[in-house]
Amino acid sequence: MSAPTRIFVPRDAAALSVGAERVAAALATEAERRGVPIEIVRNGSRGLFWLEPLVEVETAAGRIAYGPVKPADVAALFAADFLHGGAHALALGLTEDISYLKNQERLTFARCGVIDPLSVADYRAHGGFAGLERALGVAPAEIVREVTSSGLRGRGGAGFPTGIKWKTVLDTPAEQKYIVCNADEGDSGTFADRLLMEGDPLCLIEGMTIAGLAVGASEGFIYLRSEYPHAHRVLNAAIAVAEAAGYLGASVCGSGRAFRLEVRLGAGAYICGEETALLDSLEGKRGVVRAKPPLPAISGLFGQPTVINNVISLASVPWIMAHGAAAYAAFGMGRSRGTLPIQLAGNVKRGGLIEKAFGLTLRQLIEDYGGGTASGRPLRAVQVGGPLGAYFPESLLDTPLDYEAFLAVKGMLGHGGVVVFDDTVDLAEQARFAFHFCAVESCGKCTPCRIGAVRGRETVERIIAGIERPKNFAVLDDLCTLMTDASLCALGGLTPIPVVSALTHFRQDFERARPVPPAE
């Protein structure tokens, strides 16, 4: 009997949401009916969401992609001999030749959609644990120097140099230190953390273990948002297989150096994406922002020195350790080195994940990868950096994706989320929503955020209604300045960014009278 043909069907949450489970079942049923031996591998998503469920068949020529596949398509795929790459209306050719993928620089996401996420053998066969093996052979300070030299900056939004944070923890004496992964991915239009955790969880585990070796931490926690049940299951399973294979536990790879890892679920609070509120939540308290100093790197979880990094920051470390700091720093521009996983969403034809070296422009991203708006209407605005990011008009679309370039035009890259709007968007309403979002999600500790957001929403509503506009524009300016300068954390401090950008580039939306929607 011939060896079974391997068919890859994603178990990523995005693929499941459009029927991947039913497709996998239909493939198994049809193969059995035809007496054809197949092996269905449940991989992660490649991040080409408009093609999900994306089914891939392993052939002598390479993996051939078909998508988006529905259960009703399965019989016709078998009839077209898709197990040998047969022609069909859903055939996309070799997966690696799809232009959306081919024109990326996938370093951190190199294995996503390629491997079985829970197979240590598969992970190793595609370069996994090479970075950890190198880290085990050098001194902690050498690991920190390598990460520092790579130019890696926090991919969670702040862009703070990762190596500096690690060195602070390394240099702070303590009997117990911690590594905390911020996986509370709450920004609108973002999904890179989830995609990696579901598609290549061992990469995150490897990165956190390397961080533990670098700073002398023996315990790690992944703080995961409760809305990610699939990621939760995959992470726990991945931790179990890593422990069984000796990559976690009392003696990592027989080195005598311990590192243990645990997943903790959040409770749905956006503010717990802020590192100090996250720490309070992790300790079992209400998530409230802490005053700084002390910095978490000196007094963090349970008062001990703590590295807190985003998923993508930690998952970038294995590639850096395996290939060297210089190889990573060779990508990018200016002080933005390496690659950025960009999440393209909103009113766009081809939404998904694009990992590119820093320097790609917004226009290239939306036109070359996104294919323009899904509605076919003219593009009017692009919000970058989540709900607290700036709204960019068409005139700023040639801005390169770079931390300093965005700062120069009063924006921020944030977590790399890009949301596209066509010409039907009302930017005054979007500004009102920014204040409303802040008011709902505020921890309530500081007055500028707690009260300023409510007053801001009310003021925008008066402007929209045409009530004493000159006076209310002045009040709005004062509120934005106050919240920026006096808020305790970035939630209140950044809320003015979408408001000011909307006022700057789309003022006509504020000056057009219309009914005010009821408060949520």
# chains A, B, ... in the order shown; residues from 1 in each chain; ligands from 1
>>> select_by_dssp(residues="region 158-396 of chain A", states="strand (DSSP E)", output="ChimeraX atom specification")
/A:178-183,219-224,260-265,306-310,332-333,336-337,339-346,352-357,379-384,390-392
>>> closest_atom_pairs(of="region 322-405 of chain A", to="region 499-509 of chain A", cutoff="10 Å", atoms="only C-alpha atoms", output="JSON lines")
{"residue": "A:Arg380", "atom": "CA", "partner": "A:Phe506", "partner_atom": "CA", "distance": 9.5}
{"residue": "A:Ala381", "atom": "CA", "partner": "A:Phe506", "partner_atom": "CA", "distance": 9.2}
{"residue": "A:Gln383", "atom": "CA", "partner": "A:Ser501", "partner_atom": "CA", "distance": 9.8}
{"residue": "A:Leu388", "atom": "CA", "partner": "A:Val499", "partner_atom": "CA", "distance": 8.8}
{"residue": "A:Gly389", "atom": "CA", "partner": "A:Ser501", "partner_atom": "CA", "distance": 8.9}
{"residue": "A:Ala390", "atom": "CA", "partner": "A:Ser501", "partner_atom": "CA", "distance": 5.5}
{"residue": "A:Tyr391", "atom": "CA", "partner": "A:Ser501", "partner_atom": "CA", "distance": 5.6}
{"residue": "A:Phe392", "atom": "CA", "partner": "A:Ser501", "partner_atom": "CA", "distance": 7.3}
{"residue": "A:Pro393", "atom": "CA", "partner": "A:His505", "partner_atom": "CA", "distance": 6.5}
{"residue": "A:Glu394", "atom": "CA", "partner": "A:His505", "partner_atom": "CA", "distance": 9.8}
{"residue": "A:Ser395", "atom": "CA", "partner": "A:His505", "partner_atom": "CA", "distance": 9.5}
>>> residues_around(residues="region 199-203 of chain A", least_positions_apart="6", cutoff="9 Å", atoms="only C-alpha atoms", output="ChimeraX atom specification")
/A:10-12,43-46,108-109,111-120,123,128-129,231,234-235,238-239,242,314-318
>>> write_last_selection(atoms="N, CA and C atoms", output="short mmCIF file (atom, residue, chain, number, x, y, z; two decimals), in the first residue's frame")
data_model
loop_
_atom_site.label_atom_id
_atom_site.label_comp_id
_atom_site.auth_asym_id
_atom_site.auth_seq_id
_atom_site.Cartn_x
_atom_site.Cartn_y
_atom_site.Cartn_z
N PRO A 10 -5.60 24.01 8.41
CA PRO A 10 -5.33 24.80 9.62
C PRO A 10 -6.34 24.58 10.73
N ARG A 11 -5.82 24.62 11.96
CA ARG A 11 -6.67 24.59 13.14
C ARG A 11 -6.60 25.94 13.84
N ASP A 12 -6.13 26.93 13.13
CA ASP A 12 -6.09 28.31 13.62
C ASP A 12 -7.52 28.83 13.79
N ASN A 43 -2.28 22.15 10.92
CA ASN A 43 -1.24 23.17 11.07
C ASN A 43 -1.82 24.49 11.54
N GLY A 44 -0.98 25.50 11.62
CA GLY A 44 -1.46 26.85 11.89
C GLY A 44 -1.81 27.52 10.58
N SER A 45 -2.22 28.77 10.65
CA SER A 45 -2.56 29.52 9.43
C SER A 45 -1.33 30.21 8.87
N ARG A 46 -1.28 30.32 7.55
CA ARG A 46 -0.23 31.11 6.90
C ARG A 46 -0.50 32.60 7.03
N THR A 108 10.33 35.55 12.10
CA THR A 108 9.59 35.09 13.27
C THR A 108 8.48 34.13 12.88
N PHE A 109 7.85 34.36 11.73
CA PHE A 109 6.71 33.54 11.31
C PHE A 109 7.09 32.50 10.25
N ARG A 111 7.77 29.42 10.40
CA ARG A 111 7.19 28.09 10.55
C ARG A 111 5.67 28.09 10.60
N CYS A 112 5.04 29.27 10.77
CA CYS A 112 3.59 29.33 10.91
C CYS A 112 2.90 28.85 9.64
N GLY A 113 2.03 27.86 9.79
CA GLY A 113 1.35 27.29 8.64
C GLY A 113 2.14 26.21 7.95
N VAL A 114 3.40 26.04 8.37
CA VAL A 114 4.28 25.06 7.73
C VAL A 114 4.32 23.76 8.52
N ILE A 115 4.39 23.88 9.85
CA ILE A 115 4.61 22.71 10.69
C ILE A 115 3.36 22.33 11.49
N ASP A 116 3.41 21.14 12.06
CA ASP A 116 2.46 20.73 13.09
C ASP A 116 2.87 21.47 14.36
N PRO A 117 2.03 22.35 14.90
CA PRO A 117 2.44 23.19 16.02
C PRO A 117 2.85 22.43 17.28
N LEU A 118 2.41 21.18 17.40
CA LEU A 118 2.68 20.43 18.62
C LEU A 118 3.68 19.29 18.40
N SER A 119 4.43 19.35 17.32
CA SER A 119 5.43 18.33 17.04
C SER A 119 6.83 18.88 17.28
N VAL A 120 7.51 18.37 18.30
CA VAL A 120 8.89 18.80 18.58
C VAL A 120 9.80 18.41 17.41
N TYR A 123 9.26 20.84 14.62
CA TYR A 123 9.84 22.14 15.00
C TYR A 123 11.36 22.12 14.81
N GLY A 128 13.98 24.83 14.71
CA GLY A 128 13.62 25.10 16.09
C GLY A 128 14.64 24.61 17.09
N PHE A 129 14.77 25.34 18.19
CA PHE A 129 15.67 25.08 19.31
C PHE A 129 17.15 25.29 18.98
N ALA A 231 -5.85 29.30 21.48
CA ALA A 231 -4.45 29.54 21.84
C ALA A 231 -4.15 28.96 23.22
N VAL A 234 -3.66 25.21 22.86
CA VAL A 234 -2.43 24.89 22.14
C VAL A 234 -1.21 25.17 23.00
N LEU A 235 -1.20 26.30 23.71
CA LEU A 235 -0.06 26.64 24.56
C LEU A 235 0.14 25.61 25.67
N ALA A 238 1.56 22.55 24.14
CA ALA A 238 2.95 22.77 23.72
C ALA A 238 3.89 22.75 24.91
N ILE A 239 3.47 23.33 26.03
CA ILE A 239 4.28 23.30 27.25
C ILE A 239 4.49 21.85 27.68
N ALA A 242 6.99 20.16 25.35
CA ALA A 242 8.33 20.71 25.58
C ALA A 242 8.93 20.13 26.86
N LEU A 314 9.48 38.23 22.19
CA LEU A 314 10.09 37.01 22.69
C LEU A 314 10.27 35.97 21.59
N ALA A 315 9.31 35.90 20.68
CA ALA A 315 9.38 34.91 19.61
C ALA A 315 10.41 35.28 18.54
N SER A 316 10.90 36.51 18.56
CA SER A 316 11.94 36.93 17.62
C SER A 316 13.33 36.50 18.10
N VAL A 317 13.45 36.24 19.38
CA VAL A 317 14.76 35.94 19.97
C VAL A 317 15.38 34.64 19.45
N PRO A 318 14.62 33.54 19.28
CA PRO A 318 15.25 32.31 18.75
C PRO A 318 15.94 32.52 17.41
#
>>> residues_around(residues="Thr59 (chain A)", least_positions_apart="4", cutoff="10 Å", atoms="only C-alpha atoms", output="list in words")
Thr5, Arg6, Ile7, Arg63, Ile64, Phe82, Leu83, His84, Gly85 and Leu94 of chain A
>>> closest_residue(among="A:Val138, A:Ala31, A:Ile451, A:Val9", to="Leu213 (chain A)", atoms="only C-alpha atoms")
A:Val138
>>> atom_distance(atom1="CA of Ile497 (chain A)", atom2="CA of Gly266 (chain A)")
26.7 Å
>>> residues_around(residues="Thr481 (chain A)", least_positions_apart="3", cutoff="12 Å", atoms="only C-alpha atoms", output="tab-separated table (two decimals) with all heavy atoms, in the first residue's frame")
chain	number	residue	atom	x	y	z
A	448	PRO	N	-7.07	62.29	35.00
A	448	PRO	CA	-7.07	62.70	33.60
A	448	PRO	C	-7.70	61.66	32.67
A	448	PRO	O	-8.41	62.01	31.72
A	448	PRO	CB	-5.58	62.90	33.29
A	448	PRO	CG	-4.98	63.25	34.61
A	448	PRO	CD	-5.72	62.42	35.60
A	449	CYS	N	-7.44	60.40	32.93
A	449	CYS	CA	-8.00	59.34	32.10
A	449	CYS	C	-9.45	59.07	32.47
A	449	CYS	O	-10.33	59.03	31.61
A	449	CYS	CB	-7.15	58.08	32.27
A	449	CYS	SG	-7.74	56.64	31.37
A	452	GLY	N	-11.31	62.65	32.13
A	452	GLY	CA	-11.05	63.30	30.84
A	452	GLY	C	-11.69	62.58	29.67
A	452	GLY	O	-12.20	63.22	28.73
A	456	GLY	N	-14.33	64.21	27.31
A	456	GLY	CA	-13.96	64.26	25.90
A	456	GLY	C	-15.07	63.77	24.99
A	456	GLY	O	-15.38	64.38	23.97
A	474	ALA	N	-12.06	74.47	21.71
A	474	ALA	CA	-11.04	74.92	22.66
A	474	ALA	C	-10.97	73.97	23.86
A	474	ALA	O	-9.88	73.62	24.34
A	474	ALA	CB	-11.32	76.35	23.12
A	475	VAL	N	-12.15	73.57	24.35
A	475	VAL	CA	-12.19	72.61	25.47
A	475	VAL	C	-11.53	71.30	25.07
A	475	VAL	O	-10.77	70.70	25.83
A	475	VAL	CB	-13.65	72.36	25.91
A	475	VAL	CG1	-13.71	71.19	26.90
A	475	VAL	CG2	-14.24	73.61	26.55
A	476	LEU	N	-11.81	70.86	23.83
A	476	LEU	CA	-11.25	69.60	23.35
A	476	LEU	C	-9.72	69.66	23.27
A	476	LEU	O	-9.02	68.71	23.65
A	476	LEU	CB	-11.84	69.28	21.97
A	476	LEU	CG	-11.59	67.87	21.42
A	476	LEU	CD1	-12.12	66.81	22.37
A	476	LEU	CD2	-12.25	67.72	20.05
A	477	ASP	N	-9.20	70.79	22.81
A	477	ASP	CA	-7.74	70.97	22.78
A	477	ASP	C	-7.15	70.87	24.18
A	477	ASP	O	-6.11	70.22	24.38
A	477	ASP	CB	-7.39	72.33	22.16
A	477	ASP	CG	-7.58	72.37	20.66
A	477	ASP	OD1	-7.67	71.29	20.05
A	477	ASP	OD2	-7.65	73.49	20.10
A	478	ASP	N	-7.78	71.53	25.15
A	478	ASP	CA	-7.29	71.48	26.53
A	478	ASP	C	-7.32	70.06	27.09
A	478	ASP	O	-6.38	69.62	27.75
A	478	ASP	CB	-8.14	72.40	27.43
A	478	ASP	CG	-7.74	73.86	27.29
A	478	ASP	OD1	-6.71	74.13	26.65
A	478	ASP	OD2	-8.47	74.72	27.82
A	484	THR	N	-2.73	63.86	27.60
A	484	THR	CA	-1.40	63.48	27.11
A	484	THR	C	-0.33	63.69	28.18
A	484	THR	O	0.53	62.83	28.39
A	484	THR	CB	-1.04	64.30	25.86
A	484	THR	OG1	-2.01	64.04	24.83
A	484	THR	CG2	0.34	63.94	25.35
A	485	ASP	N	-0.40	64.82	28.84
A	485	ASP	CA	0.67	65.20	29.78
A	485	ASP	C	0.52	64.61	31.17
A	485	ASP	O	1.53	64.43	31.87
A	485	ASP	CB	0.75	66.73	29.90
A	485	ASP	CG	1.18	67.40	28.60
A	485	ASP	OD1	1.69	66.68	27.72
A	485	ASP	OD2	1.00	68.63	28.47
A	486	ALA	N	-0.71	64.31	31.59
A	486	ALA	CA	-0.91	63.99	33.01
A	486	ALA	C	-1.44	62.59	33.29
A	486	ALA	O	-1.52	62.19	34.46
A	486	ALA	CB	-1.87	65.02	33.63
A	487	SER	N	-1.79	61.82	32.28
A	487	SER	CA	-2.29	60.47	32.53
A	487	SER	C	-1.17	59.57	33.06
A	487	SER	O	-0.01	59.71	32.68
A	487	SER	CB	-2.87	59.85	31.25
A	487	SER	OG	-4.03	60.54	30.84
A	492	GLY	N	-4.72	56.57	28.84
A	492	GLY	CA	-5.15	57.96	28.82
A	492	GLY	C	-4.22	58.84	28.01
A	492	GLY	O	-4.66	59.75	27.31
A	493	GLY	N	-2.93	58.56	28.10
A	493	GLY	CA	-1.94	59.40	27.42
A	493	GLY	C	-2.00	59.34	25.91
A	493	GLY	O	-1.63	60.30	25.23
A	494	LEU	N	-2.46	58.20	25.36
A	494	LEU	CA	-2.49	58.04	23.91
A	494	LEU	C	-3.87	58.25	23.31
A	494	LEU	O	-3.99	58.39	22.09
A	494	LEU	CB	-1.97	56.65	23.51
A	494	LEU	CG	-0.52	56.33	23.87
A	494	LEU	CD1	-0.17	54.92	23.40
A	494	LEU	CD2	0.44	57.35	23.28
A	495	THR	N	-4.91	58.28	24.12
A	495	THR	CA	-6.26	58.47	23.58
A	495	THR	C	-6.38	59.73	22.72
A	495	THR	O	-7.09	59.72	21.70
A	495	THR	CB	-7.29	58.49	24.73
A	495	THR	OG1	-7.37	57.17	25.30
A	495	THR	CG2	-8.67	58.89	24.23
A	496	PRO	N	-5.68	60.84	23.04
A	496	PRO	CA	-5.77	62.01	22.17
A	496	PRO	C	-5.22	61.80	20.76
A	496	PRO	O	-5.54	62.58	19.85
A	496	PRO	CB	-4.96	63.07	22.92
A	496	PRO	CG	-5.07	62.67	24.36
A	496	PRO	CD	-5.03	61.18	24.33
A	497	ILE	N	-4.38	60.78	20.55
A	497	ILE	CA	-3.77	60.61	19.22
A	497	ILE	C	-4.81	60.42	18.13
A	497	ILE	O	-4.80	61.14	17.12
A	497	ILE	CB	-2.74	59.45	19.24
A	497	ILE	CG1	-1.50	59.87	20.03
A	497	ILE	CG2	-2.35	59.06	17.82
A	497	ILE	CD1	-0.42	58.80	20.11
A	499	VAL	N	-7.91	61.23	18.22
A	499	VAL	CA	-8.77	62.42	18.22
A	499	VAL	C	-8.09	63.57	17.48
A	499	VAL	O	-8.68	64.18	16.58
A	499	VAL	CB	-9.11	62.84	19.67
A	499	VAL	CG1	-9.95	64.12	19.65
A	499	VAL	CG2	-9.83	61.72	20.40
A	500	VAL	N	-6.84	63.85	17.84
A	500	VAL	CA	-6.12	64.96	17.22
A	500	VAL	C	-5.87	64.69	15.74
A	500	VAL	O	-5.98	65.60	14.90
A	500	VAL	CB	-4.78	65.22	17.96
A	500	VAL	CG1	-3.92	66.22	17.21
A	500	VAL	CG2	-5.06	65.72	19.38
>>> closest_atom_pairs(of="region 114-169 of chain A", to="region 253-261 of chain A", cutoff="10 Å", atoms="only C-alpha atoms", output="Markdown table")
| residue | atom | partner | partner_atom | distance |
| --- | --- | --- | --- | --- |
| A:Leu132 | CA | A:Cys253 | CA | 9.3 |
| A:Glu133 | CA | A:Cys253 | CA | 8.3 |
| A:Leu136 | CA | A:Ser255 | CA | 7.4 |
| A:Gly137 | CA | A:Ser255 | CA | 9.4 |
>>> write_last_selection(atoms="N, CA, C and O atoms", output="compact mmCIF listing (two decimals), in the first residue's frame")
# COMPACT_ATOMS: atom_id res chain seq x y z
N LEU A 132 18.13 28.20 21.24
CA LEU A 132 18.26 27.78 22.64
C LEU A 132 19.55 27.01 22.85
O LEU A 132 20.26 27.21 23.87
N GLU A 133 19.88 26.13 21.91
CA GLU A 133 21.11 25.35 22.04
C GLU A 133 22.33 26.26 22.06
O GLU A 133 23.28 26.03 22.83
N LEU A 136 22.49 28.06 25.50
CA LEU A 136 22.97 27.21 26.59
C LEU A 136 24.50 27.12 26.64
O LEU A 136 25.07 26.78 27.66
N GLY A 137 25.14 27.47 25.52
CA GLY A 137 26.59 27.37 25.45
C GLY A 137 27.33 28.66 25.71
O GLY A 137 28.57 28.70 25.63
>>> closest_residue(among="A:Leu248, A:Ala267, A:Leu362, A:Ala326", to="Asp402 (chain A)", atoms="only C-alpha atoms")
A:Leu362
>>> residues_around(residues="region 187-192 of chain A", least_positions_apart="3", cutoff="9 Å", atoms="only C-alpha atoms", output="list in words")
Gly47, Leu195, Leu196, Met197, Tyr270, Val311, Ile312, Pro341, Ile342, Gln343, Leu344, Ala345, Gly346, Gly352, Leu353, Gly385, Gly386, Pro387, Leu388, Gly414, His415, Gly416, Gly417, Val418 and Val419 of chain A
>>> write_last_selection(atoms="N, CA, C and O atoms", output="compact mmCIF listing (two decimals), in the first residue's frame")
# COMPACT_ATOMS: atom_id res chain seq x y z
N GLY A 47 -1.74 32.95 7.41
CA GLY A 47 -2.08 34.35 7.56
C GLY A 47 -2.67 34.98 6.31
O GLY A 47 -2.79 36.20 6.23
N LEU A 195 -1.89 34.29 16.13
CA LEU A 195 -1.46 33.48 14.99
C LEU A 195 -0.21 32.68 15.35
O LEU A 195 -0.11 31.49 15.04
N LEU A 196 0.73 33.33 16.03
CA LEU A 196 1.97 32.63 16.39
C LEU A 196 1.73 31.61 17.50
O LEU A 196 2.24 30.49 17.45
N MET A 197 0.95 31.98 18.50
CA MET A 197 0.71 31.05 19.61
C MET A 197 -0.03 29.80 19.15
O MET A 197 0.22 28.70 19.65
N TYR A 270 -8.94 45.52 28.89
CA TYR A 270 -7.95 46.09 27.97
C TYR A 270 -6.77 46.68 28.73
O TYR A 270 -5.63 46.59 28.28
N VAL A 311 4.56 38.93 22.94
CA VAL A 311 4.73 37.64 22.27
C VAL A 311 5.75 37.72 21.14
O VAL A 311 6.69 36.92 21.05
N ILE A 312 5.58 38.71 20.25
CA ILE A 312 6.44 38.79 19.07
C ILE A 312 7.87 39.15 19.44
O ILE A 312 8.83 38.66 18.84
N PRO A 341 5.83 42.15 12.04
CA PRO A 341 4.62 41.45 11.59
C PRO A 341 3.45 42.44 11.53
O PRO A 341 3.01 42.95 12.55
N ILE A 342 3.01 42.73 10.33
CA ILE A 342 1.95 43.71 10.11
C ILE A 342 0.63 42.97 9.94
O ILE A 342 0.54 41.98 9.22
N GLN A 343 -0.40 43.45 10.62
CA GLN A 343 -1.71 42.84 10.53
C GLN A 343 -2.64 43.77 9.77
O GLN A 343 -2.95 44.85 10.24
N LEU A 344 -3.03 43.35 8.59
CA LEU A 344 -3.84 44.19 7.70
C LEU A 344 -5.29 43.77 7.80
O LEU A 344 -5.63 42.60 7.55
N ALA A 345 -6.16 44.71 8.18
CA ALA A 345 -7.56 44.38 8.43
C ALA A 345 -8.45 45.55 8.04
O ALA A 345 -7.99 46.55 7.49
N GLY A 346 -9.74 45.40 8.31
CA GLY A 346 -10.71 46.45 7.99
C GLY A 346 -11.27 46.28 6.60
O GLY A 346 -11.45 45.16 6.11
N GLY A 352 -4.70 40.06 6.22
CA GLY A 352 -3.88 38.97 6.72
C GLY A 352 -2.61 39.47 7.36
O GLY A 352 -2.46 40.66 7.66
N LEU A 353 -1.67 38.55 7.55
CA LEU A 353 -0.40 38.87 8.18
C LEU A 353 0.69 39.02 7.14
O LEU A 353 0.84 38.18 6.26
N GLY A 385 -1.93 51.17 14.67
CA GLY A 385 -1.54 51.13 16.08
C GLY A 385 -2.67 50.87 17.04
O GLY A 385 -2.56 51.20 18.23
N GLY A 386 -3.78 50.30 16.57
CA GLY A 386 -4.87 49.95 17.46
C GLY A 386 -5.83 51.10 17.70
O GLY A 386 -5.77 52.14 17.03
N PRO A 387 -6.73 50.97 18.69
CA PRO A 387 -7.76 51.99 18.92
C PRO A 387 -7.21 53.34 19.36
O PRO A 387 -7.92 54.34 19.30
N LEU A 388 -5.94 53.36 19.80
CA LEU A 388 -5.32 54.62 20.22
C LEU A 388 -4.32 55.12 19.18
O LEU A 388 -3.53 56.02 19.46
N GLY A 414 2.62 51.00 17.19
CA GLY A 414 1.91 50.11 18.10
C GLY A 414 2.31 48.67 17.86
O GLY A 414 3.47 48.34 17.67
N HIS A 415 1.31 47.82 17.83
CA HIS A 415 1.52 46.38 17.66
C HIS A 415 1.51 45.98 16.18
O HIS A 415 1.53 44.80 15.84
N GLY A 416 1.50 46.98 15.29
CA GLY A 416 1.54 46.68 13.86
C GLY A 416 0.18 46.41 13.25
O GLY A 416 0.10 45.85 12.15
N GLY A 417 -0.88 46.81 13.92
CA GLY A 417 -2.23 46.64 13.37
C GLY A 417 -2.57 47.79 12.43
O GLY A 417 -2.40 48.96 12.78
N VAL A 418 -3.06 47.47 11.23
CA VAL A 418 -3.42 48.47 10.22
C VAL A 418 -4.87 48.22 9.81
O VAL A 418 -5.20 47.14 9.29
N VAL A 419 -5.74 49.20 10.06
CA VAL A 419 -7.16 49.06 9.75
C VAL A 419 -7.54 50.09 8.69
O VAL A 419 -7.30 51.28 8.86
>>> residues_around(residues="Arg450 (chain A)", least_positions_apart="4", cutoff="10 Å", atoms="only C-alpha atoms", output="JSON, numbers by chain")
{"A": [438, 439, 440, 441, 442, 443, 444, 445, 446, 454, 455, 483, 487, 492]}
>>> write_last_selection(atoms="all heavy atoms", output="tab-separated table (two decimals), in the first residue's frame")
chain	number	residue	atom	x	y	z
A	438	CYS	N	-11.83	54.70	25.85
A	438	CYS	CA	-10.97	54.99	26.99
A	438	CYS	C	-11.78	55.04	28.29
A	438	CYS	O	-11.34	54.51	29.32
A	438	CYS	CB	-10.23	56.30	26.77
A	438	CYS	SG	-9.11	56.76	28.13
A	439	ALA	N	-12.96	55.64	28.23
A	439	ALA	CA	-13.79	55.76	29.43
A	439	ALA	C	-14.22	54.37	29.93
A	439	ALA	O	-14.22	54.11	31.15
A	439	ALA	CB	-15.02	56.60	29.13
A	440	VAL	N	-14.56	53.49	29.02
A	440	VAL	CA	-15.00	52.15	29.39
A	440	VAL	C	-13.85	51.31	29.92
A	440	VAL	O	-14.01	50.54	30.88
A	440	VAL	CB	-15.65	51.45	28.17
A	440	VAL	CG1	-15.89	49.97	28.45
A	440	VAL	CG2	-16.97	52.13	27.81
A	441	GLU	N	-12.66	51.45	29.31
A	441	GLU	CA	-11.54	50.56	29.63
A	441	GLU	C	-10.60	51.12	30.70
A	441	GLU	O	-9.69	50.42	31.14
A	441	GLU	CB	-10.75	50.26	28.37
A	441	GLU	CG	-11.54	49.51	27.29
A	441	GLU	CD	-11.94	48.10	27.72
A	441	GLU	OE1	-11.38	47.59	28.71
A	441	GLU	OE2	-12.81	47.51	27.06
A	442	SER	N	-10.80	52.34	31.13
A	442	SER	CA	-9.91	52.93	32.13
A	442	SER	C	-9.94	52.15	33.44
A	442	SER	O	-11.00	51.68	33.87
A	442	SER	CB	-10.33	54.38	32.42
A	442	SER	OG	-9.58	54.93	33.48
A	443	CYS	N	-8.78	52.00	34.09
A	443	CYS	CA	-8.75	51.34	35.40
A	443	CYS	C	-9.29	52.27	36.48
A	443	CYS	O	-9.62	51.84	37.58
A	443	CYS	CB	-7.34	50.89	35.74
A	443	CYS	SG	-6.20	52.21	36.24
A	444	GLY	N	-9.36	53.58	36.17
A	444	GLY	CA	-9.94	54.54	37.09
A	444	GLY	C	-8.99	55.14	38.09
A	444	GLY	O	-9.39	55.96	38.92
A	445	LYS	N	-7.71	54.78	38.01
A	445	LYS	CA	-6.78	55.24	39.05
A	445	LYS	C	-6.47	56.72	38.92
A	445	LYS	O	-6.38	57.43	39.93
A	445	LYS	CB	-5.48	54.43	39.00
A	445	LYS	CG	-4.51	54.79	40.12
A	445	LYS	CD	-3.39	53.80	40.23
A	445	LYS	CE	-2.48	54.11	41.41
A	445	LYS	NZ	-1.44	53.09	41.62
A	446	CYS	N	-6.28	57.23	37.69
A	446	CYS	CA	-5.90	58.63	37.56
A	446	CYS	C	-7.04	59.46	36.96
A	446	CYS	O	-7.78	59.02	36.08
A	446	CYS	CB	-4.62	58.79	36.75
A	446	CYS	SG	-4.77	58.53	34.98
A	454	VAL	N	-14.46	60.79	29.67
A	454	VAL	CA	-15.92	61.04	29.68
A	454	VAL	C	-16.22	62.44	29.18
A	454	VAL	O	-17.10	62.64	28.33
A	454	VAL	CB	-16.49	60.83	31.10
A	454	VAL	CG1	-17.98	61.16	31.13
A	454	VAL	CG2	-16.26	59.40	31.56
A	455	ARG	N	-15.47	63.43	29.69
A	455	ARG	CA	-15.69	64.81	29.24
A	455	ARG	C	-15.35	64.95	27.75
A	455	ARG	O	-15.99	65.70	27.03
A	455	ARG	CB	-14.81	65.77	30.06
A	455	ARG	CG	-15.10	65.83	31.54
A	455	ARG	CD	-16.46	66.53	31.82
A	455	ARG	NE	-17.57	65.60	31.79
A	455	ARG	CZ	-17.96	64.86	32.84
A	455	ARG	NH1	-17.32	64.93	33.99
A	455	ARG	NH2	-19.00	64.06	32.74
A	483	MET	N	-4.75	65.13	29.03
A	483	MET	CA	-4.66	63.67	29.05
A	483	MET	C	-3.29	63.19	28.59
A	483	MET	O	-2.73	62.24	29.14
A	483	MET	CB	-5.76	63.06	28.17
A	483	MET	CG	-7.16	63.25	28.74
A	483	MET	SD	-8.45	62.49	27.72
A	483	MET	CE	-8.13	60.74	28.00
A	487	SER	N	-1.79	61.82	32.28
A	487	SER	CA	-2.29	60.47	32.53
A	487	SER	C	-1.17	59.57	33.06
A	487	SER	O	-0.01	59.71	32.68
A	487	SER	CB	-2.87	59.85	31.25
A	487	SER	OG	-4.03	60.54	30.84
A	492	GLY	N	-4.72	56.57	28.84
A	492	GLY	CA	-5.15	57.96	28.82
A	492	GLY	C	-4.22	58.84	28.01
A	492	GLY	O	-4.66	59.75	27.31
>>> select_by_dssp(residues="region 1-125 of chain A", states="alpha helix (DSSP H)", output="MDAnalysis selection string")
chainID A and resid 13:17 20:34 74:79 99:102 120:125
>>> closest_residue(among="A:Gly303, A:Gly273, A:Gly67, A:Gly332", to="Phe8 (chain A)", atoms="only C-alpha atoms")
A:Gly67
